[in-house]
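Below is upload-v4.cif, which holds mmCIF, N, CA and C atoms and all ligand atoms.
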```cif
data_entry
loop_
_atom_site.label_atom_id
_atom_site.label_comp_id
_atom_site.auth_asym_id
_atom_site.auth_seq_id
_atom_site.Cartn_x
_atom_site.Cartn_y
_atom_site.Cartn_z
N MET A 1 22.30 -4.33 52.19
CA MET A 1 22.78 -4.05 50.84
C MET A 1 24.21 -4.55 50.70
N LEU A 2 24.49 -5.29 49.64
CA LEU A 2 25.85 -5.77 49.40
C LEU A 2 26.66 -4.68 48.71
N PHE A 3 27.94 -4.94 48.60
CA PHE A 3 28.80 -3.98 47.91
C PHE A 3 28.26 -3.73 46.50
N SER A 4 28.18 -2.48 46.15
CA SER A 4 27.78 -2.15 44.79
C SER A 4 28.38 -0.80 44.43
N PRO A 5 28.68 -0.60 43.17
CA PRO A 5 29.19 0.71 42.76
C PRO A 5 28.15 1.77 43.09
N ALA A 6 28.58 2.84 43.68
CA ALA A 6 27.62 3.87 44.08
C ALA A 6 28.23 5.24 43.84
N ALA A 7 27.38 6.18 43.51
CA ALA A 7 27.85 7.55 43.32
C ALA A 7 28.10 8.18 44.69
N PHE A 8 29.31 8.64 44.88
CA PHE A 8 29.61 9.32 46.13
C PHE A 8 30.62 10.43 45.86
N GLN A 9 30.77 11.31 46.81
CA GLN A 9 31.72 12.42 46.68
C GLN A 9 32.53 12.55 47.96
N PHE A 10 33.59 13.31 47.85
CA PHE A 10 34.34 13.72 49.03
C PHE A 10 34.29 15.23 49.14
N VAL A 11 34.10 15.72 50.35
CA VAL A 11 34.16 17.16 50.60
C VAL A 11 35.14 17.38 51.75
N LEU A 12 35.44 18.64 52.01
CA LEU A 12 36.41 18.99 53.04
C LEU A 12 35.68 19.46 54.30
N SER A 13 36.07 18.92 55.45
CA SER A 13 35.48 19.38 56.71
C SER A 13 36.11 20.70 57.12
N GLN A 14 35.57 21.34 58.15
CA GLN A 14 36.12 22.59 58.65
C GLN A 14 37.51 22.37 59.22
N GLN A 15 37.82 21.12 59.61
CA GLN A 15 39.14 20.80 60.14
C GLN A 15 40.11 20.39 59.03
N GLY A 16 39.65 20.45 57.78
CA GLY A 16 40.52 20.13 56.66
C GLY A 16 40.63 18.65 56.37
N ARG A 17 39.70 17.86 56.91
CA ARG A 17 39.71 16.43 56.64
C ARG A 17 38.69 16.09 55.55
N ALA A 18 38.98 15.01 54.82
CA ALA A 18 38.05 14.56 53.80
C ALA A 18 36.84 13.91 54.47
N GLN A 19 35.67 14.22 53.95
CA GLN A 19 34.44 13.59 54.41
C GLN A 19 33.75 12.95 53.21
N LEU A 20 33.15 11.80 53.44
CA LEU A 20 32.49 11.08 52.37
C LEU A 20 31.02 11.50 52.32
N VAL A 21 30.51 11.74 51.12
CA VAL A 21 29.11 12.13 50.95
C VAL A 21 28.41 11.08 50.10
N TYR A 22 27.33 10.54 50.65
CA TYR A 22 26.56 9.53 49.93
C TYR A 22 25.07 9.83 50.16
N GLN A 23 24.35 10.01 49.07
CA GLN A 23 22.91 10.30 49.11
C GLN A 23 22.60 11.45 50.06
N ASP A 24 23.42 12.51 49.98
CA ASP A 24 23.21 13.74 50.74
C ASP A 24 23.46 13.60 52.25
N PHE A 25 24.09 12.50 52.64
CA PHE A 25 24.52 12.36 54.03
C PHE A 25 26.05 12.42 54.08
N ILE A 26 26.58 13.03 55.14
CA ILE A 26 28.02 13.20 55.30
C ILE A 26 28.54 12.21 56.33
N TYR A 27 29.67 11.56 55.97
CA TYR A 27 30.29 10.57 56.86
C TYR A 27 31.72 10.96 57.17
N ASN A 28 32.15 10.70 58.40
CA ASN A 28 33.52 10.94 58.82
C ASN A 28 34.28 9.62 58.84
N PHE A 29 35.56 9.70 58.46
CA PHE A 29 36.41 8.51 58.47
C PHE A 29 36.53 7.96 59.88
N HIS A 30 36.40 6.64 60.01
CA HIS A 30 36.49 6.01 61.32
C HIS A 30 37.71 5.10 61.42
N GLU A 31 37.84 4.17 60.46
CA GLU A 31 38.90 3.18 60.56
C GLU A 31 39.23 2.63 59.18
N GLY A 32 40.50 2.36 58.94
CA GLY A 32 40.92 1.77 57.67
C GLY A 32 41.65 0.46 57.92
N PHE A 33 41.58 -0.44 56.97
CA PHE A 33 42.22 -1.75 57.10
C PHE A 33 43.20 -1.96 55.95
N PRO A 34 44.24 -2.81 56.17
CA PRO A 34 45.24 -3.06 55.12
C PRO A 34 44.62 -3.54 53.81
N SER A 35 43.48 -4.21 53.88
CA SER A 35 42.80 -4.68 52.68
C SER A 35 42.30 -3.53 51.82
N GLY A 36 42.28 -2.32 52.39
CA GLY A 36 41.77 -1.17 51.65
C GLY A 36 40.37 -0.79 52.07
N ARG A 37 39.74 -1.66 52.85
CA ARG A 37 38.40 -1.35 53.35
C ARG A 37 38.45 -0.19 54.33
N GLU A 38 37.45 0.66 54.27
CA GLU A 38 37.38 1.79 55.19
C GLU A 38 36.00 1.85 55.83
N TYR A 39 35.98 2.17 57.11
CA TYR A 39 34.72 2.35 57.82
C TYR A 39 34.47 3.84 58.01
N TRP A 40 33.28 4.25 57.63
CA TRP A 40 32.89 5.66 57.74
C TRP A 40 31.62 5.75 58.58
N LEU A 41 31.62 6.68 59.53
CA LEU A 41 30.45 6.87 60.39
C LEU A 41 29.75 8.17 60.05
N CYS A 42 28.43 8.16 60.19
CA CYS A 42 27.65 9.39 59.98
C CYS A 42 28.23 10.53 60.83
N ARG A 43 28.25 11.74 60.26
CA ARG A 43 28.82 12.87 61.00
C ARG A 43 28.02 13.19 62.26
N ASP A 44 26.78 12.71 62.31
CA ASP A 44 25.95 12.94 63.50
C ASP A 44 25.97 11.75 64.46
N TYR A 45 27.02 10.94 64.33
CA TYR A 45 27.20 9.78 65.21
C TYR A 45 27.15 10.22 66.68
N ARG A 46 27.85 11.31 66.99
CA ARG A 46 27.86 11.79 68.38
C ARG A 46 26.67 12.68 68.67
N LYS A 47 26.41 13.63 67.76
CA LYS A 47 25.38 14.65 67.98
C LYS A 47 24.00 14.02 68.22
N PHE A 48 23.62 13.09 67.33
CA PHE A 48 22.29 12.46 67.45
C PHE A 48 22.38 10.98 67.81
N LYS A 49 23.62 10.52 68.13
CA LYS A 49 23.84 9.09 68.33
C LYS A 49 23.34 8.27 67.14
N CYS A 50 23.54 8.82 65.93
CA CYS A 50 23.12 8.13 64.71
C CYS A 50 24.02 6.94 64.48
N ARG A 51 23.45 5.80 64.18
CA ARG A 51 24.22 4.56 64.03
C ARG A 51 24.38 4.13 62.57
N SER A 52 24.17 5.06 61.66
CA SER A 52 24.32 4.73 60.25
C SER A 52 25.80 4.80 59.86
N SER A 53 26.27 3.83 59.09
CA SER A 53 27.67 3.82 58.69
C SER A 53 27.81 3.18 57.31
N LEU A 54 28.97 3.40 56.71
CA LEU A 54 29.27 2.84 55.39
C LEU A 54 30.61 2.11 55.46
N VAL A 55 30.72 1.03 54.69
CA VAL A 55 32.02 0.42 54.44
C VAL A 55 32.37 0.72 53.00
N LYS A 56 33.55 1.30 52.79
CA LYS A 56 33.99 1.66 51.45
C LYS A 56 35.11 0.73 51.04
N ASP A 57 35.00 0.17 49.83
CA ASP A 57 36.04 -0.69 49.28
C ASP A 57 36.26 -0.25 47.85
N GLY A 58 37.29 0.55 47.62
CA GLY A 58 37.50 1.13 46.30
C GLY A 58 36.35 2.06 45.95
N LEU A 59 35.69 1.76 44.84
CA LEU A 59 34.56 2.60 44.42
C LEU A 59 33.23 1.98 44.83
N LYS A 60 33.30 0.97 45.69
CA LYS A 60 32.07 0.31 46.13
C LYS A 60 31.75 0.69 47.57
N LEU A 61 30.44 0.80 47.82
CA LEU A 61 29.98 1.12 49.17
C LEU A 61 29.03 0.05 49.66
N GLU A 62 29.09 -0.19 50.96
CA GLU A 62 28.12 -1.08 51.58
C GLU A 62 27.48 -0.34 52.74
N ASN A 63 26.16 -0.33 52.75
CA ASN A 63 25.42 0.30 53.84
C ASN A 63 25.47 -0.57 55.08
N ARG A 64 25.91 0.00 56.17
CA ARG A 64 25.98 -0.76 57.42
C ARG A 64 25.15 -0.05 58.48
N GLY A 65 24.95 -0.75 59.56
CA GLY A 65 24.26 -0.13 60.67
C GLY A 65 22.81 0.15 60.37
N GLN A 66 22.30 1.18 61.00
CA GLN A 66 20.88 1.47 60.92
C GLN A 66 20.61 2.64 60.01
N SER A 67 19.32 2.94 59.81
CA SER A 67 18.96 4.12 59.04
C SER A 67 19.30 5.35 59.85
N HIS A 68 19.48 6.48 59.15
CA HIS A 68 19.73 7.73 59.85
C HIS A 68 18.52 8.10 60.70
N ASN A 69 18.78 8.67 61.85
CA ASN A 69 17.67 9.10 62.72
C ASN A 69 17.47 10.63 62.61
N HIS A 70 17.83 11.18 61.45
CA HIS A 70 17.74 12.62 61.21
C HIS A 70 17.67 12.82 59.71
N GLY A 71 17.42 14.03 59.26
CA GLY A 71 17.32 14.32 57.84
C GLY A 71 18.68 14.41 57.18
N PRO A 72 18.70 14.46 55.82
CA PRO A 72 19.97 14.57 55.10
C PRO A 72 20.69 15.89 55.37
N HIS A 73 21.96 15.93 55.03
CA HIS A 73 22.81 17.08 55.31
C HIS A 73 22.86 18.07 54.13
N THR A 74 21.79 18.09 53.36
CA THR A 74 21.76 18.91 52.15
C THR A 74 22.14 20.35 52.42
N HIS A 75 21.62 20.93 53.50
CA HIS A 75 21.86 22.35 53.81
C HIS A 75 23.34 22.62 54.09
N ILE A 76 24.03 21.64 54.71
CA ILE A 76 25.45 21.80 55.00
C ILE A 76 26.27 21.67 53.72
N LEU A 77 25.83 20.75 52.86
CA LEU A 77 26.60 20.45 51.65
C LEU A 77 26.64 21.63 50.69
N ARG A 78 25.68 22.54 50.79
CA ARG A 78 25.68 23.70 49.89
C ARG A 78 26.94 24.54 50.09
N HIS A 79 27.51 24.49 51.28
CA HIS A 79 28.67 25.33 51.58
C HIS A 79 29.98 24.57 51.48
N LYS A 80 29.92 23.32 51.05
CA LYS A 80 31.12 22.49 51.04
C LYS A 80 31.85 22.56 49.70
N GLN A 81 33.15 22.38 49.79
CA GLN A 81 33.98 22.34 48.60
C GLN A 81 34.14 20.89 48.17
N LEU A 82 33.79 20.61 46.91
CA LEU A 82 33.88 19.24 46.39
C LEU A 82 35.33 18.88 46.10
N LEU A 83 35.77 17.75 46.64
CA LEU A 83 37.14 17.28 46.39
C LEU A 83 37.20 16.23 45.28
N PHE A 84 36.19 15.37 45.26
CA PHE A 84 36.24 14.20 44.40
C PHE A 84 34.82 13.68 44.19
N ALA A 85 34.52 13.27 42.96
CA ALA A 85 33.24 12.63 42.69
C ALA A 85 33.52 11.32 41.97
N SER A 86 32.89 10.23 42.44
CA SER A 86 33.10 8.93 41.81
C SER A 86 32.52 8.94 40.42
N PRO A 87 33.02 8.08 39.52
CA PRO A 87 32.59 8.10 38.12
C PRO A 87 31.19 7.55 37.88
N CYS A 88 30.57 6.92 38.87
CA CYS A 88 29.27 6.29 38.67
C CYS A 88 28.17 7.36 38.48
ZN ZN B 1 23.09 9.86 60.36
#
```
Translate the structure described by the file into structure tokens.
Amino acid sequence: MLFSPAAFQFVLSQQGRAQLVYQDFIYNFHEGFPSGREYWLCRDYRKFKCRSSLVKDGLKLENRGQSHNHGPHTHILRHKQLLFASPC
């Protein structure tokens, strides 16, 4: 999938960090570049060795890596505080 505007949100982790939410999956910040591009890894990267990741460029997202090897994080998101929702 190429960069495209996508609906996403930010929520707060238990450690007080912003987490990116896309299609009911939660991603943790991994790396940022001077160009503004950011790499986000699935929160279950370690737990399930999930290799799904996103590249964020402004309000655009690009799906990277593989499909999730687990279900969506819907149950966790019910308890999360919404920080930001994209306008899409
Ligand atoms: Zn995953």
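For ligand ZN 1 (chain B), the protein and nucleic acid residues at most 5 Å away, judged by only N, CA and C atoms and all ligand atoms, amount to Cys42, Cys50, His68 and Asn69 of chain A.
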### Query
So which bits of chain A end up strand (DSSP E) when you DSSP the backbone, as a PyMOL selection string?
chain A and resi 4-5+9-12+18-22+25-32+38-42+52-57+60-65+82-85
Emit the selected residues as a compact mmCIF listing (two decimals), keeping the file's coordinate frame, including N, CA and C atoms.
```txt
# COMPACT_ATOMS: atom_id res chain seq x y z
N SER A 4 28.18 -2.48 46.15
CA SER A 4 27.78 -2.15 44.79
C SER A 4 28.38 -0.80 44.43
N PRO A 5 28.68 -0.60 43.17
CA PRO A 5 29.19 0.71 42.76
C PRO A 5 28.15 1.77 43.09
N GLN A 9 30.77 11.31 46.81
CA GLN A 9 31.72 12.42 46.68
C GLN A 9 32.53 12.55 47.96
N PHE A 10 33.59 13.31 47.85
CA PHE A 10 34.34 13.72 49.03
C PHE A 10 34.29 15.23 49.14
N VAL A 11 34.10 15.72 50.35
CA VAL A 11 34.16 17.16 50.60
C VAL A 11 35.14 17.38 51.75
N LEU A 12 35.44 18.64 52.01
CA LEU A 12 36.41 18.99 53.04
C LEU A 12 35.68 19.46 54.30
N ALA A 18 38.98 15.01 54.82
CA ALA A 18 38.05 14.56 53.80
C ALA A 18 36.84 13.91 54.47
N GLN A 19 35.67 14.22 53.95
CA GLN A 19 34.44 13.59 54.41
C GLN A 19 33.75 12.95 53.21
N LEU A 20 33.15 11.80 53.44
CA LEU A 20 32.49 11.08 52.37
C LEU A 20 31.02 11.50 52.32
N VAL A 21 30.51 11.74 51.12
CA VAL A 21 29.11 12.13 50.95
C VAL A 21 28.41 11.08 50.10
N TYR A 22 27.33 10.54 50.65
CA TYR A 22 26.56 9.53 49.93
C TYR A 22 25.07 9.83 50.16
N PHE A 25 24.09 12.50 52.64
CA PHE A 25 24.52 12.36 54.03
C PHE A 25 26.05 12.42 54.08
N ILE A 26 26.58 13.03 55.14
CA ILE A 26 28.02 13.20 55.30
C ILE A 26 28.54 12.21 56.33
N TYR A 27 29.67 11.56 55.97
CA TYR A 27 30.29 10.57 56.86
C TYR A 27 31.72 10.96 57.17
N ASN A 28 32.15 10.70 58.40
CA ASN A 28 33.52 10.94 58.82
C ASN A 28 34.28 9.62 58.84
N PHE A 29 35.56 9.70 58.46
CA PHE A 29 36.41 8.51 58.47
C PHE A 29 36.53 7.96 59.88
N HIS A 30 36.40 6.64 60.01
CA HIS A 30 36.49 6.01 61.32
C HIS A 30 37.71 5.10 61.42
N GLU A 31 37.84 4.17 60.46
CA GLU A 31 38.90 3.18 60.56
C GLU A 31 39.23 2.63 59.18
N GLY A 32 40.50 2.36 58.94
CA GLY A 32 40.92 1.77 57.67
C GLY A 32 41.65 0.46 57.92
N GLU A 38 37.45 0.66 54.27
CA GLU A 38 37.38 1.79 55.19
C GLU A 38 36.00 1.85 55.83
N TYR A 39 35.98 2.17 57.11
CA TYR A 39 34.72 2.35 57.82
C TYR A 39 34.47 3.84 58.01
N TRP A 40 33.28 4.25 57.63
CA TRP A 40 32.89 5.66 57.74
C TRP A 40 31.62 5.75 58.58
N LEU A 41 31.62 6.68 59.53
CA LEU A 41 30.45 6.87 60.39
C LEU A 41 29.75 8.17 60.05
N CYS A 42 28.43 8.16 60.19
CA CYS A 42 27.65 9.39 59.98
C CYS A 42 28.23 10.53 60.83
N SER A 52 24.17 5.06 61.66
CA SER A 52 24.32 4.73 60.25
C SER A 52 25.80 4.80 59.86
N SER A 53 26.27 3.83 59.09
CA SER A 53 27.67 3.82 58.69
C SER A 53 27.81 3.18 57.31
N LEU A 54 28.97 3.40 56.71
CA LEU A 54 29.27 2.84 55.39
C LEU A 54 30.61 2.11 55.46
N VAL A 55 30.72 1.03 54.69
CA VAL A 55 32.02 0.42 54.44
C VAL A 55 32.37 0.72 53.00
N LYS A 56 33.55 1.30 52.79
CA LYS A 56 33.99 1.66 51.45
C LYS A 56 35.11 0.73 51.04
N ASP A 57 35.00 0.17 49.83
CA ASP A 57 36.04 -0.69 49.28
C ASP A 57 36.26 -0.25 47.85
N LYS A 60 33.30 0.97 45.69
CA LYS A 60 32.07 0.31 46.13
C LYS A 60 31.75 0.69 47.57
N LEU A 61 30.44 0.80 47.82
CA LEU A 61 29.98 1.12 49.17
C LEU A 61 29.03 0.05 49.66
N GLU A 62 29.09 -0.19 50.96
CA GLU A 62 28.12 -1.08 51.58
C GLU A 62 27.48 -0.34 52.74
N ASN A 63 26.16 -0.33 52.75
CA ASN A 63 25.42 0.30 53.84
C ASN A 63 25.47 -0.57 55.08
N ARG A 64 25.91 0.00 56.17
CA ARG A 64 25.98 -0.76 57.42
C ARG A 64 25.15 -0.05 58.48
N GLY A 65 24.95 -0.75 59.56
CA GLY A 65 24.26 -0.13 60.67
C GLY A 65 22.81 0.15 60.37
N LEU A 82 33.79 20.61 46.91
CA LEU A 82 33.88 19.24 46.39
C LEU A 82 35.33 18.88 46.10
N LEU A 83 35.77 17.75 46.64
CA LEU A 83 37.14 17.28 46.39
C LEU A 83 37.20 16.23 45.28
N PHE A 84 36.19 15.37 45.26
CA PHE A 84 36.24 14.20 44.40
C PHE A 84 34.82 13.68 44.19
N ALA A 85 34.52 13.27 42.96
CA ALA A 85 33.24 12.63 42.69
C ALA A 85 33.52 11.32 41.97
```
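Interatomic distance, atom CA of Pro87 of chain A to atom CA of Ser67 of chain A: 25.3 Å.
Of the listed residues A:Leu41, A:Glu31, A:Phe8, A:Phe25, the one whose atoms come nearest to Gly71 of chain A is A:Phe25, with distances taken using only C-alpha atoms.
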### Message
I'd like the interatomic distance between atom N of Gln66 of chain A and atom C of Leu54 of chain A, to a tenth of an Å.
### Response
10.0 Å
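Every protein or nucleic acid residue with an atom no more than 7 Å from Val11 of chain A, counting all atoms listed in the file and leaving out same-chain residues fewer than 4 positions away, appears here: Arg17, Ala18, Gln19, Leu20, Val21, Lys80, Gln81, Leu82, Leu83 and Phe84 of chain A.
Across the model, the gap from atom C of Trp40 of chain A to atom CA of Asn63 of chain A is 9.5 Å.
With distances restricted to only C-alpha atoms, A:Ser86 is the closest residue to Lys60 of chain A from A:Gln23, A:Gln15, A:Thr74, A:Ser86.
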### Message
Taking the DSSP secondary structure from the backbone, can you list the residues of chain A that are alpha helix (DSSP H), as a list in words?
### Response
Thr74, His75, Ile76 and Leu77 of chain A
Using all atoms of segment 74-79 of chain A listed in the file and a margin of 4 Å per side, can you give the axis-aligned box centre and edge lengths in Å to one decimal, as AutoDock Vina command-line options?
```
--center_x 25.8 --center_y 21.7 --center_z 52.4 --size_x 16.4 --size_y 15.2 --size_z 13.1
```
### Summary
One residue among A:Lys56, A:Lys47, A:His73, A:Arg78 is nearest to Asp24 of chain A when using only C-alpha atoms, and that residue is A:His73
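The shortest atom-to-atom distance to Phe10 of chain A, with only C-alpha atoms taken into account, belongs to A:Ala85 out of A:Pro34, A:Ser52, A:Ala85, A:Leu77.
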